[in-house]
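*Asks:* My structure is in coords04.pdb, and what it holds is PDB, C-alpha atoms:
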ATOM      1  CA  MET A1415     -86.216 168.986 -46.030
ATOM      2  CA  LYS A1416     -84.510 172.155 -44.828
ATOM      3  CA  GLN A1417     -85.872 175.584 -45.575
ATOM      4  CA  ASN A1418     -85.276 179.193 -44.714
ATOM      5  CA  ASP A1419     -85.865 182.519 -46.477
ATOM      6  CA  ALA A1420     -82.899 181.955 -48.818
ATOM      7  CA  TYR A1421     -83.190 178.293 -49.854
ATOM      8  CA  LEU A1422     -85.007 174.988 -49.789
ATOM      9  CA  LEU A1423     -82.974 171.765 -49.591
ATOM     10  CA  ILE A1424     -85.017 168.685 -50.521
ATOM     11  CA  ASP A1425     -83.775 165.375 -49.105
ATOM     12  CA  GLN A1426     -86.124 163.047 -50.949
ATOM     13  CA  PRO A1427     -89.011 163.031 -53.405
ATOM     14  CA  THR A1428     -92.585 161.932 -52.956
ATOM     15  CA  ALA A1429     -93.609 158.972 -55.106
ATOM     16  CA  ILE A1430     -96.864 159.683 -56.928
ATOM     17  CA  PRO A1431     -98.652 156.528 -58.078
ATOM     18  CA  VAL A1432    -100.092 156.564 -61.595
ATOM     19  CA  PRO A1433    -101.659 153.847 -63.767
ATOM     20  CA  GLY A1434     -99.716 151.989 -66.431
ATOM     21  CA  GLY A1435     -96.532 151.408 -64.457
ATOM     22  CA  LYS A1436     -95.127 154.928 -64.833
ATOM     23  CA  GLN A1437     -93.294 156.140 -61.751
ATOM     24  CA  ILE A1438     -93.252 159.804 -60.757
ATOM     25  CA  HIS A1439     -90.860 161.044 -58.067
ATOM     26  CA  GLU A1440     -91.677 164.690 -57.352
ATOM     27  CA  TYR A1441     -88.916 166.682 -55.727
ATOM     28  CA  LEU A1442     -90.423 170.139 -56.017
ATOM     29  CA  GLY A1443     -94.098 170.881 -56.571
ATOM     30  CA  ARG A1444     -97.607 170.770 -55.199
ATOM     31  CA  VAL A1445     -97.274 167.336 -53.559
ATOM     32  CA  ASN A1446     -93.750 167.244 -52.063
ATOM     33  CA  THR A1447     -93.133 170.900 -51.182
ATOM     34  CA  ASP A1448     -96.585 172.512 -51.436
ATOM     35  CA  THR A1449     -95.530 175.009 -54.093
ATOM     36  CA  ASP A1450     -97.452 175.974 -57.217
ATOM     37  CA  ARG A1451     -94.629 177.998 -58.857
ATOM     38  CA  VAL A1452     -92.767 175.074 -60.454
ATOM     39  CA  SER A1453     -92.639 171.285 -60.323
ATOM     40  CA  VAL A1454     -89.558 169.127 -60.829
ATOM     41  CA  ALA A1455     -90.017 165.369 -61.063
ATOM     42  CA  ARG A1456     -88.000 162.341 -62.153
ATOM     43  CA  MET A1457     -90.064 160.079 -64.378
ATOM     44  CA  GLU A1458     -89.717 156.431 -65.351
ATOM     45  CA  ALA A1459     -91.999 155.434 -68.227
ATOM     46  CA  PRO A1460     -92.009 151.705 -69.009
ATOM     47  CA  ALA A1461     -92.179 150.263 -72.510
ATOM     48  CA  GLY A1462     -95.743 150.538 -73.815
ATOM     49  CA  TRP A1463     -96.743 153.437 -71.559
ATOM     50  CA  SER A1464     -98.876 156.298 -72.877
ATOM     51  CA  GLU A1465    -101.044 159.071 -71.534
ATOM     52  CA  PRO A1466    -103.935 160.990 -73.071
ATOM     53  CA  ALA A1467    -103.261 164.042 -75.183
ATOM     54  CA  GLN A1468    -103.443 167.271 -73.222
ATOM     55  CA  THR A1469    -103.361 171.011 -73.712
ATOM     56  CA  PRO A1470    -101.719 172.152 -70.482
ATOM     57  CA  ALA A1471    -101.801 175.610 -68.933
ATOM     58  CA  PHE A1472     -98.110 175.255 -68.020
ATOM     59  CA  ASP A1473     -94.808 175.181 -69.894
ATOM     60  CA  GLU A1474     -93.152 171.757 -69.739
ATOM     61  CA  ILE A1475     -89.475 170.961 -70.145
ATOM     62  CA  THR A1476     -88.454 167.325 -70.632
ATOM     63  CA  ILE A1477     -84.811 166.366 -70.026
ATOM     64  CA  MET A1478     -84.142 162.859 -71.365
ATOM     65  CA  LEU A1479     -81.704 160.750 -69.347
ATOM     66  CA  ASP A1480     -82.157 157.293 -70.854
ATOM     67  CA  GLY A1481     -84.305 155.693 -73.550
ATOM     68  CA  GLN A1482     -86.695 157.507 -75.861
ATOM     69  CA  LEU A1483     -90.136 159.069 -75.835
ATOM     70  CA  GLN A1484     -92.480 159.687 -78.708
ATOM     71  CA  VAL A1485     -94.077 163.109 -78.372
ATOM     72  CA  THR A1486     -96.942 164.265 -80.568
ATOM     73  CA  ILE A1487     -97.179 168.060 -80.714
ATOM     74  CA  ASN A1488    -100.141 169.607 -82.518
ATOM     75  CA  GLY A1489    -100.565 166.364 -84.484
ATOM     76  CA  LYS A1490     -96.907 165.920 -85.516
ATOM     77  CA  SER A1491     -94.817 163.167 -83.893
ATOM     78  CA  LEU A1492     -91.176 163.396 -82.948
ATOM     79  CA  GLU A1493     -88.760 161.243 -80.999
ATOM     80  CA  ILE A1494     -86.672 162.553 -78.141
ATOM     81  CA  SER A1495     -83.690 160.558 -76.883
ATOM     82  CA  ALA A1496     -81.198 160.539 -74.024
ATOM     83  CA  GLY A1497     -79.214 163.774 -73.968
ATOM     84  CA  GLN A1498     -81.960 165.859 -75.592
ATOM     85  CA  VAL A1499     -84.191 168.496 -74.012
ATOM     86  CA  LEU A1500     -87.674 169.358 -75.255
ATOM     87  CA  SER A1501     -89.558 172.503 -74.217
ATOM     88  CA  VAL A1502     -93.296 172.630 -74.957
ATOM     89  CA  ASN A1503     -95.138 175.923 -74.473
ATOM     90  CA  ARG A1504     -98.356 176.132 -72.479
ATOM     91  CA  GLY A1505    -101.488 175.977 -74.603
ATOM     92  CA  THR A1506     -99.898 173.468 -77.012
ATOM     93  CA  ARG A1507    -101.642 170.138 -77.606
ATOM     94  CA  VAL A1508     -99.177 167.387 -76.666
ATOM     95  CA  GLN A1509     -99.118 163.653 -75.987
ATOM     96  CA  TYR A1510     -96.249 161.667 -74.449
ATOM     97  CA  GLU A1511     -95.753 157.934 -74.882
ATOM     98  CA  ASN A1512     -93.123 155.221 -74.865
ATOM     99  CA  PRO A1513     -93.813 152.719 -77.663
ATOM    100  CA  HIS A1514     -90.229 151.494 -77.458
ATOM    101  CA  GLY A1515     -88.933 148.301 -75.845
ATOM    102  CA  LYS A1516     -86.909 150.076 -73.151
ATOM    103  CA  MET A1517     -87.732 152.145 -70.067
ATOM    104  CA  ALA A1518     -87.590 155.918 -70.661
ATOM    105  CA  ILE A1519     -86.098 157.923 -67.790
ATOM    106  CA  TYR A1520     -86.397 161.697 -67.768
ATOM    107  CA  TRP A1521     -86.921 164.820 -65.711
ATOM    108  CA  ALA A1522     -90.064 166.895 -66.175
ATOM    109  CA  ILE A1523     -90.174 170.557 -65.155
ATOM    110  CA  CYS A1524     -93.528 172.351 -65.272
ATOM    111  CA  ILE A1525     -94.026 176.116 -64.858
ATOM    112  CA  PRO A1526     -96.335 176.704 -63.032
ATOM    113  CA  ALA A1527     -96.366 173.409 -61.150
ATOM    114  CA  PHE A1528     -98.199 170.423 -62.588
ATOM    115  CA  SER A1529    -101.763 169.785 -61.475
ATOM    116  CA  LEU A1530    -104.481 167.676 -63.066
ATOM    117  CA  GLU A1531    -106.631 170.800 -63.365
ATOM    118  CA  LEU A1532    -103.930 172.632 -65.349
ATOM    119  CA  ALA A1533    -103.028 169.579 -67.475
ATOM    120  CA  GLY A1534    -106.096 169.910 -69.704
ATOM    121  CA  ARG A1535    -106.091 166.192 -70.450
ATOM    122  CA  ASP A1536    -108.434 164.611 -72.958
ATOM    123  CA  LEU A1537    -110.996 162.369 -71.327
ATOM    124  CA  LEU A1538    -109.665 159.189 -72.926
ATOM    125  CA  GLU A1539    -108.371 156.037 -71.305
ATOM    126  CA  SER A1540    -104.610 155.774 -70.912
ATOM    127  CA  SER A1541    -102.029 153.581 -69.269
ATOM    128  CA  GLY A1542    -100.388 156.456 -67.402
TER     129      GLY A1542
END
I need this file expressed as structure tokens, please.
*Replies:*
Amino acid sequence: MKQNDAYLLIDQPTAIPVPGGKQIHEYLGRVNTDTDRVSVARMEAPAGWSEPAQTPAFDEITIMLDGQLQVTINGKSLEISAGQVLSVNRGTRVQYENPHGKMAIYWAICIPAFSLELAGRDLLESSG
């Protein structure tokens, strides 16, 4: 990683282990670069993965690269596919899952940066 007053060049992400086989590779955020302004992470969600519903205190942008995700927003489900971008405003109840038979690969951008405290997750079991 190279940094000065004008830029930050990130050579590699930090892998963040999570249950359920999901892989998180954070490039920018609280773990890899010690910033709370924004997080940028590449995600790989295997078939069958899900996480608890949450009402985060951050905006989240999902950029789909491959596969599909099912996203439930305020009780209504929608599918997002490769090539689509979804922006969910902070304070919105949302749940992400991959009930499909193929790995979903996407970028997640959170403003401010993701943290478990800001995620506002339901206290239910999940696989991710």
*Asks:* Kindly indicate which residue among A:Leu1532, A:Leu1500, A:Ile1519, A:Ile1494 lies nearest to Ala1461 (chain A), using all atoms listed in the file for the distances.
*Replies:* A:Ile1519
*Asks:* Name the residues captured by the PyMOL selection byres ((chain A and resi 1497) around 7) when it is applied to the shown file; answer as a VMD selection string.
*Replies:* chain A and resid 1478 to 1479 1495 to 1496 1498 to 1499
*Asks:* Could you state the separation of CA of Ala1522 (chain A) and CA of Val1445 (chain A) in Å, given to one decimal place?
*Replies:*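 About the pair CA of Ala1522 (chain A) and CA of Val1445 (chain A): they are 14.5 Å apart.
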*Asks:* Using Å and a single decimal, report how far CA of Glu1531 (chain A) sits from CA of Asn1488 (chain A).
*Replies:*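 Calculated distance between CA of Asn1488 (chain A) and CA of Glu1531 (chain A) is 20.3 Å.
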*Asks:* Quick check on the file I pasted: which residues fall under the PyMOL selection byres ((chain A and resi 1451) around 10)? Write them as number ranges by chain.
*Replies:* A: 1442-1444, 1448-1450, 1452-1453, 1524-1528
*Asks:* One decimal, Å: what's the distance from CA of Tyr1441 (chain A) over to CA of Thr1428 (chain A), could you say?
*Replies:* 6.6 Å
*Asks:* Taking all atoms listed in the file into account, which of A:Asn1446, A:Ser1491, A:Gln1509, A:Ser1529 comes nearest Ser1464 (chain A)?
*Replies:*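 That would be A:Gln1509, the residue with the smallest distance to Ser1464 (chain A).
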*Asks:* Kindly indicate which residue among A:Gln1426, A:Thr1476, A:Thr1469, A:Gln1482 lies nearest to Arg1507 (chain A), using only C-alpha atoms for the distances.
*Replies:* A:Thr1469
*Asks:* Name the residues that the PyMOL selection byres ((chain A and resi 1485) around 9) pulls out of this structure, and write them as a ChimeraX atom specification.
*Replies:* /A:1483-1484,1486-1487,1490-1494,1508-1512
*Asks:* May I have the centre and edge lengths, in Å to one decimal, of an axis-aligned box around the listed atoms of region 1457-1465 of chain A with 6 Å added to every side, as JSON?
*Replies:*
{"center_x": -95.4, "center_y": 155.2, "center_z": -69.1, "size_x": 23.3, "size_y": 21.8, "size_z": 21.4}
*Asks:* Compare A:Leu1422, A:Ile1523, A:Leu1537, A:Val1432 by their minimum atom-to-atom distance to Ala1455 (chain A), counting only C-alpha atoms, and give me the closest one.
*Replies:*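 The closest residue to Ala1455 (chain A) is A:Ile1523.
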*Asks:* Between A:Ala1518, A:Pro1433, A:Gly1489, A:Asn1503, which residue has the minimum interatomic distance to Glu1465 (chain A), considering all atoms listed in the file?
*Replies:*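 Of A:Ala1518, A:Pro1433, A:Gly1489, A:Asn1503, the one nearest Glu1465 (chain A), counting all atoms listed in the file, is A:Pro1433.
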*Asks:* Go through A:Pro1470, A:Gly1435, A:Gly1481, A:Gly1515 one by one, measure the shortest atom-to-atom distance of each to Ala1533 (chain A) using only C-alpha atoms, and give the residue with the smallest value.
*Replies:*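 Among A:Pro1470, A:Gly1435, A:Gly1481, A:Gly1515, it is A:Pro1470 that comes nearest to Ala1533 (chain A).
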*Asks:* Quick one: region 1443-1493 of chain A from the block, N, CA and C atoms, as a PDB file, in the first residue's frame.
*Replies:*
ATOM      1  N   GLY A1443     -11.466   0.203   3.673  1.00  0.00           N
ATOM      2  CA  GLY A1443     -12.407   0.126   4.781  1.00  0.00           C
ATOM      3  C   GLY A1443     -11.721   0.015   6.126  1.00  0.00           C
ATOM      4  N   ARG A1444     -12.506  -0.340   7.113  1.00  0.00           N
ATOM      5  CA  ARG A1444     -12.027  -0.376   8.497  1.00  0.00           C
ATOM      6  C   ARG A1444     -10.928  -1.410   8.727  1.00  0.00           C
ATOM      7  N   VAL A1445     -10.991  -2.548   8.019  1.00  0.00           N
ATOM      8  CA  VAL A1445     -10.027  -3.621   8.248  1.00  0.00           C
ATOM      9  C   VAL A1445      -8.738  -3.394   7.457  1.00  0.00           C
ATOM     10  N   ASN A1446      -8.830  -3.178   6.141  1.00  0.00           N
ATOM     11  CA  ASN A1446      -7.636  -3.135   5.296  1.00  0.00           C
ATOM     12  C   ASN A1446      -6.902  -1.796   5.335  1.00  0.00           C
ATOM     13  N   THR A1447      -7.640  -0.690   5.436  1.00  0.00           N
ATOM     14  CA  THR A1447      -6.987   0.620   5.370  1.00  0.00           C
ATOM     15  C   THR A1447      -7.308   1.522   6.552  1.00  0.00           C
ATOM     16  N   ASP A1448      -8.007   0.992   7.548  1.00  0.00           N
ATOM     17  CA  ASP A1448      -8.320   1.726   8.773  1.00  0.00           C
ATOM     18  C   ASP A1448      -9.043   3.049   8.498  1.00  0.00           C
ATOM     19  N   THR A1449     -10.024   2.989   7.570  1.00  0.00           N
ATOM     20  CA  THR A1449     -10.828   4.169   7.308  1.00  0.00           C
ATOM     21  C   THR A1449     -12.284   3.867   7.611  1.00  0.00           C
ATOM     22  N   ASP A1450     -13.008   4.851   8.106  1.00  0.00           N
ATOM     23  CA  ASP A1450     -14.434   4.662   8.376  1.00  0.00           C
ATOM     24  C   ASP A1450     -15.303   5.456   7.399  1.00  0.00           C
ATOM     25  N   ARG A1451     -14.684   6.139   6.427  1.00  0.00           N
ATOM     26  CA  ARG A1451     -15.445   6.943   5.455  1.00  0.00           C
ATOM     27  C   ARG A1451     -16.218   6.100   4.462  1.00  0.00           C
ATOM     28  N   VAL A1452     -15.584   5.030   3.939  1.00  0.00           N
ATOM     29  CA  VAL A1452     -16.183   4.204   2.902  1.00  0.00           C
ATOM     30  C   VAL A1452     -15.520   2.826   2.949  1.00  0.00           C
ATOM     31  N   SER A1453     -16.266   1.797   2.567  1.00  0.00           N
ATOM     32  CA  SER A1453     -15.649   0.485   2.386  1.00  0.00           C
ATOM     33  C   SER A1453     -15.955  -0.003   0.978  1.00  0.00           C
ATOM     34  N   VAL A1454     -14.971  -0.679   0.397  1.00  0.00           N
ATOM     35  CA  VAL A1454     -15.090  -1.261  -0.938  1.00  0.00           C
ATOM     36  C   VAL A1454     -14.569  -2.685  -0.828  1.00  0.00           C
ATOM     37  N   ALA A1455     -15.449  -3.652  -1.139  1.00  0.00           N
ATOM     38  CA  ALA A1455     -15.066  -5.053  -0.992  1.00  0.00           C
ATOM     39  C   ALA A1455     -15.612  -5.881  -2.147  1.00  0.00           C
ATOM     40  N   ARG A1456     -14.827  -6.867  -2.561  1.00  0.00           N
ATOM     41  CA  ARG A1456     -15.267  -7.841  -3.564  1.00  0.00           C
ATOM     42  C   ARG A1456     -15.829  -9.029  -2.804  1.00  0.00           C
ATOM     43  N   MET A1457     -17.027  -9.435  -3.178  1.00  0.00           N
ATOM     44  CA  MET A1457     -17.731 -10.501  -2.476  1.00  0.00           C
ATOM     45  C   MET A1457     -17.936 -11.704  -3.393  1.00  0.00           C
ATOM     46  N   GLU A1458     -17.867 -12.885  -2.807  1.00  0.00           N
ATOM     47  CA  GLU A1458     -18.208 -14.122  -3.493  1.00  0.00           C
ATOM     48  C   GLU A1458     -19.162 -14.881  -2.593  1.00  0.00           C
ATOM     49  N   ALA A1459     -20.434 -14.951  -3.023  1.00  0.00           N
ATOM     50  CA  ALA A1459     -21.479 -15.602  -2.235  1.00  0.00           C
ATOM     51  C   ALA A1459     -21.860 -16.918  -2.900  1.00  0.00           C
ATOM     52  N   PRO A1460     -21.563 -18.052  -2.248  1.00  0.00           N
ATOM     53  CA  PRO A1460     -21.862 -19.339  -2.867  1.00  0.00           C
ATOM     54  C   PRO A1460     -23.363 -19.619  -2.930  1.00  0.00           C
ATOM     55  N   ALA A1461     -23.723 -20.572  -3.761  1.00  0.00           N
ATOM     56  CA  ALA A1461     -25.119 -21.012  -3.849  1.00  0.00           C
ATOM     57  C   ALA A1461     -25.590 -21.413  -2.456  1.00  0.00           C
ATOM     58  N   GLY A1462     -26.779 -20.972  -2.080  1.00  0.00           N
ATOM     59  CA  GLY A1462     -27.356 -21.310  -0.785  1.00  0.00           C
ATOM     60  C   GLY A1462     -27.016 -20.355   0.338  1.00  0.00           C
ATOM     61  N   TRP A1463     -26.150 -19.391   0.089  1.00  0.00           N
ATOM     62  CA  TRP A1463     -25.751 -18.437   1.128  1.00  0.00           C
ATOM     63  C   TRP A1463     -26.876 -17.455   1.439  1.00  0.00           C
ATOM     64  N   SER A1464     -26.967 -17.063   2.712  1.00  0.00           N
ATOM     65  CA  SER A1464     -27.872 -15.983   3.118  1.00  0.00           C
ATOM     66  C   SER A1464     -27.322 -15.333   4.372  1.00  0.00           C
ATOM     67  N   GLU A1465     -27.811 -14.137   4.641  1.00  0.00           N
ATOM     68  CA  GLU A1465     -27.443 -13.453   5.876  1.00  0.00           C
ATOM     69  C   GLU A1465     -28.720 -12.908   6.498  1.00  0.00           C
ATOM     70  N   PRO A1466     -28.677 -12.568   7.783  1.00  0.00           N
ATOM     71  CA  PRO A1466     -29.884 -12.048   8.420  1.00  0.00           C
ATOM     72  C   PRO A1466     -30.291 -10.710   7.816  1.00  0.00           C
ATOM     73  N   ALA A1467     -31.563 -10.401   7.927  1.00  0.00           N
ATOM     74  CA  ALA A1467     -32.027  -9.073   7.533  1.00  0.00           C
ATOM     75  C   ALA A1467     -31.323  -8.046   8.416  1.00  0.00           C
ATOM     76  N   GLN A1468     -31.180  -6.848   7.878  1.00  0.00           N
ATOM     77  CA  GLN A1468     -30.518  -5.781   8.622  1.00  0.00           C
ATOM     78  C   GLN A1468     -31.133  -4.443   8.241  1.00  0.00           C
ATOM     79  N   THR A1469     -30.942  -3.482   9.110  1.00  0.00           N
ATOM     80  CA  THR A1469     -31.335  -2.104   8.832  1.00  0.00           C
ATOM     81  C   THR A1469     -30.097  -1.254   9.085  1.00  0.00           C
ATOM     82  N   PRO A1470     -29.216  -1.175   8.088  1.00  0.00           N
ATOM     83  CA  PRO A1470     -27.912  -0.546   8.299  1.00  0.00           C
ATOM     84  C   PRO A1470     -27.965   0.982   8.391  1.00  0.00           C
ATOM     85  N   ALA A1471     -26.981   1.513   9.085  1.00  0.00           N
ATOM     86  CA  ALA A1471     -26.792   2.960   9.203  1.00  0.00           C
ATOM     87  C   ALA A1471     -25.756   3.412   8.177  1.00  0.00           C
ATOM     88  N   PHE A1472     -25.745   2.772   7.019  1.00  0.00           N
ATOM     89  CA  PHE A1472     -24.889   3.172   5.899  1.00  0.00           C
ATOM     90  C   PHE A1472     -25.643   2.932   4.605  1.00  0.00           C
ATOM     91  N   ASP A1473     -25.291   3.690   3.559  1.00  0.00           N
ATOM     92  CA  ASP A1473     -25.787   3.429   2.219  1.00  0.00           C
ATOM     93  C   ASP A1473     -24.954   2.279   1.662  1.00  0.00           C
ATOM     94  N   GLU A1474     -25.597   1.395   0.881  1.00  0.00           N
ATOM     95  CA  GLU A1474     -24.854   0.280   0.295  1.00  0.00           C
ATOM     96  C   GLU A1474     -25.149   0.179  -1.191  1.00  0.00           C
ATOM     97  N   ILE A1475     -24.087   0.120  -1.963  1.00  0.00           N
ATOM     98  CA  ILE A1475     -24.174  -0.030  -3.414  1.00  0.00           C
ATOM     99  C   ILE A1475     -23.628  -1.411  -3.754  1.00  0.00           C
ATOM    100  N   THR A1476     -24.407  -2.185  -4.509  1.00  0.00           N
ATOM    101  CA  THR A1476     -24.005  -3.517  -4.938  1.00  0.00           C
ATOM    102  C   THR A1476     -23.831  -3.500  -6.456  1.00  0.00           C
ATOM    103  N   ILE A1477     -22.647  -3.877  -6.920  1.00  0.00           N
ATOM    104  CA  ILE A1477     -22.349  -3.928  -8.349  1.00  0.00           C
ATOM    105  C   ILE A1477     -22.159  -5.397  -8.712  1.00  0.00           C
ATOM    106  N   MET A1478     -23.130  -5.967  -9.429  1.00  0.00           N
ATOM    107  CA  MET A1478     -23.104  -7.390  -9.761  1.00  0.00           C
ATOM    108  C   MET A1478     -22.154  -7.664 -10.928  1.00  0.00           C
ATOM    109  N   LEU A1479     -21.239  -8.601 -10.722  1.00  0.00           N
ATOM    110  CA  LEU A1479     -20.306  -9.013 -11.759  1.00  0.00           C
ATOM    111  C   LEU A1479     -20.726 -10.310 -12.425  1.00  0.00           C
ATOM    112  N   ASP A1480     -21.169 -11.282 -11.612  1.00  0.00           N
ATOM    113  CA  ASP A1480     -21.529 -12.589 -12.142  1.00  0.00           C
ATOM    114  C   ASP A1480     -22.579 -13.218 -11.225  1.00  0.00           C
ATOM    115  N   GLY A1481     -23.498 -13.970 -11.814  1.00  0.00           N
ATOM    116  CA  GLY A1481     -24.532 -14.635 -11.030  1.00  0.00           C
ATOM    117  C   GLY A1481     -25.668 -13.695 -10.674  1.00  0.00           C
ATOM    118  N   GLN A1482     -26.412 -14.079  -9.639  1.00  0.00           N
ATOM    119  CA  GLN A1482     -27.569 -13.315  -9.192  1.00  0.00           C
ATOM    120  C   GLN A1482     -27.647 -13.320  -7.673  1.00  0.00           C
ATOM    121  N   LEU A1483     -28.266 -12.293  -7.139  1.00  0.00           N
ATOM    122  CA  LEU A1483     -28.625 -12.240  -5.727  1.00  0.00           C
ATOM    123  C   LEU A1483     -30.118 -11.974  -5.619  1.00  0.00           C
ATOM    124  N   GLN A1484     -30.708 -12.508  -4.579  1.00  0.00           N
ATOM    125  CA  GLN A1484     -32.070 -12.132  -4.225  1.00  0.00           C
ATOM    126  C   GLN A1484     -31.944 -11.136  -3.082  1.00  0.00           C
ATOM    127  N   VAL A1485     -32.583  -9.992  -3.227  1.00  0.00           N
ATOM    128  CA  VAL A1485     -32.516  -8.946  -2.220  1.00  0.00           C
ATOM    129  C   VAL A1485     -33.940  -8.617  -1.800  1.00  0.00           C
ATOM    130  N   THR A1486     -34.191  -8.676  -0.500  1.00  0.00           N
ATOM    131  CA  THR A1486     -35.507  -8.334   0.028  1.00  0.00           C
ATOM    132  C   THR A1486     -35.391  -6.976   0.693  1.00  0.00           C
ATOM    133  N   ILE A1487     -36.144  -6.003   0.169  1.00  0.00           N
ATOM    134  CA  ILE A1487     -36.086  -4.624   0.643  1.00  0.00           C
ATOM    135  C   ILE A1487     -37.460  -4.260   1.183  1.00  0.00           C
ATOM    136  N   ASN A1488     -37.497  -3.950   2.474  1.00  0.00           N
ATOM    137  CA  ASN A1488     -38.764  -3.613   3.139  1.00  0.00           C
ATOM    138  C   ASN A1488     -39.852  -4.630   2.814  1.00  0.00           C
ATOM    139  N   GLY A1489     -39.482  -5.927   2.815  1.00  0.00           N
ATOM    140  CA  GLY A1489     -40.441  -7.003   2.625  1.00  0.00           C
ATOM    141  C   GLY A1489     -40.722  -7.397   1.185  1.00  0.00           C
ATOM    142  N   LYS A1490     -40.172  -6.687   0.213  1.00  0.00           N
ATOM    143  CA  LYS A1490     -40.401  -7.009  -1.201  1.00  0.00           C
ATOM    144  C   LYS A1490     -39.106  -7.533  -1.821  1.00  0.00           C
ATOM    145  N   SER A1491     -39.195  -8.709  -2.477  1.00  0.00           N
ATOM    146  CA  SER A1491     -38.010  -9.341  -3.053  1.00  0.00           C
ATOM    147  C   SER A1491     -37.794  -8.914  -4.498  1.00  0.00           C
ATOM    148  N   LEU A1492     -36.524  -8.795  -4.848  1.00  0.00           N
ATOM    149  CA  LEU A1492     -36.148  -8.558  -6.234  1.00  0.00           C
ATOM    150  C   LEU A1492     -34.864  -9.301  -6.521  1.00  0.00           C
ATOM    151  N   GLU A1493     -34.627  -9.556  -7.786  1.00  0.00           N
ATOM    152  CA  GLU A1493     -33.417 -10.232  -8.236  1.00  0.00           C
ATOM    153  C   GLU A1493     -32.504  -9.204  -8.890  1.00  0.00           C
TER     154      GLU A1493
END
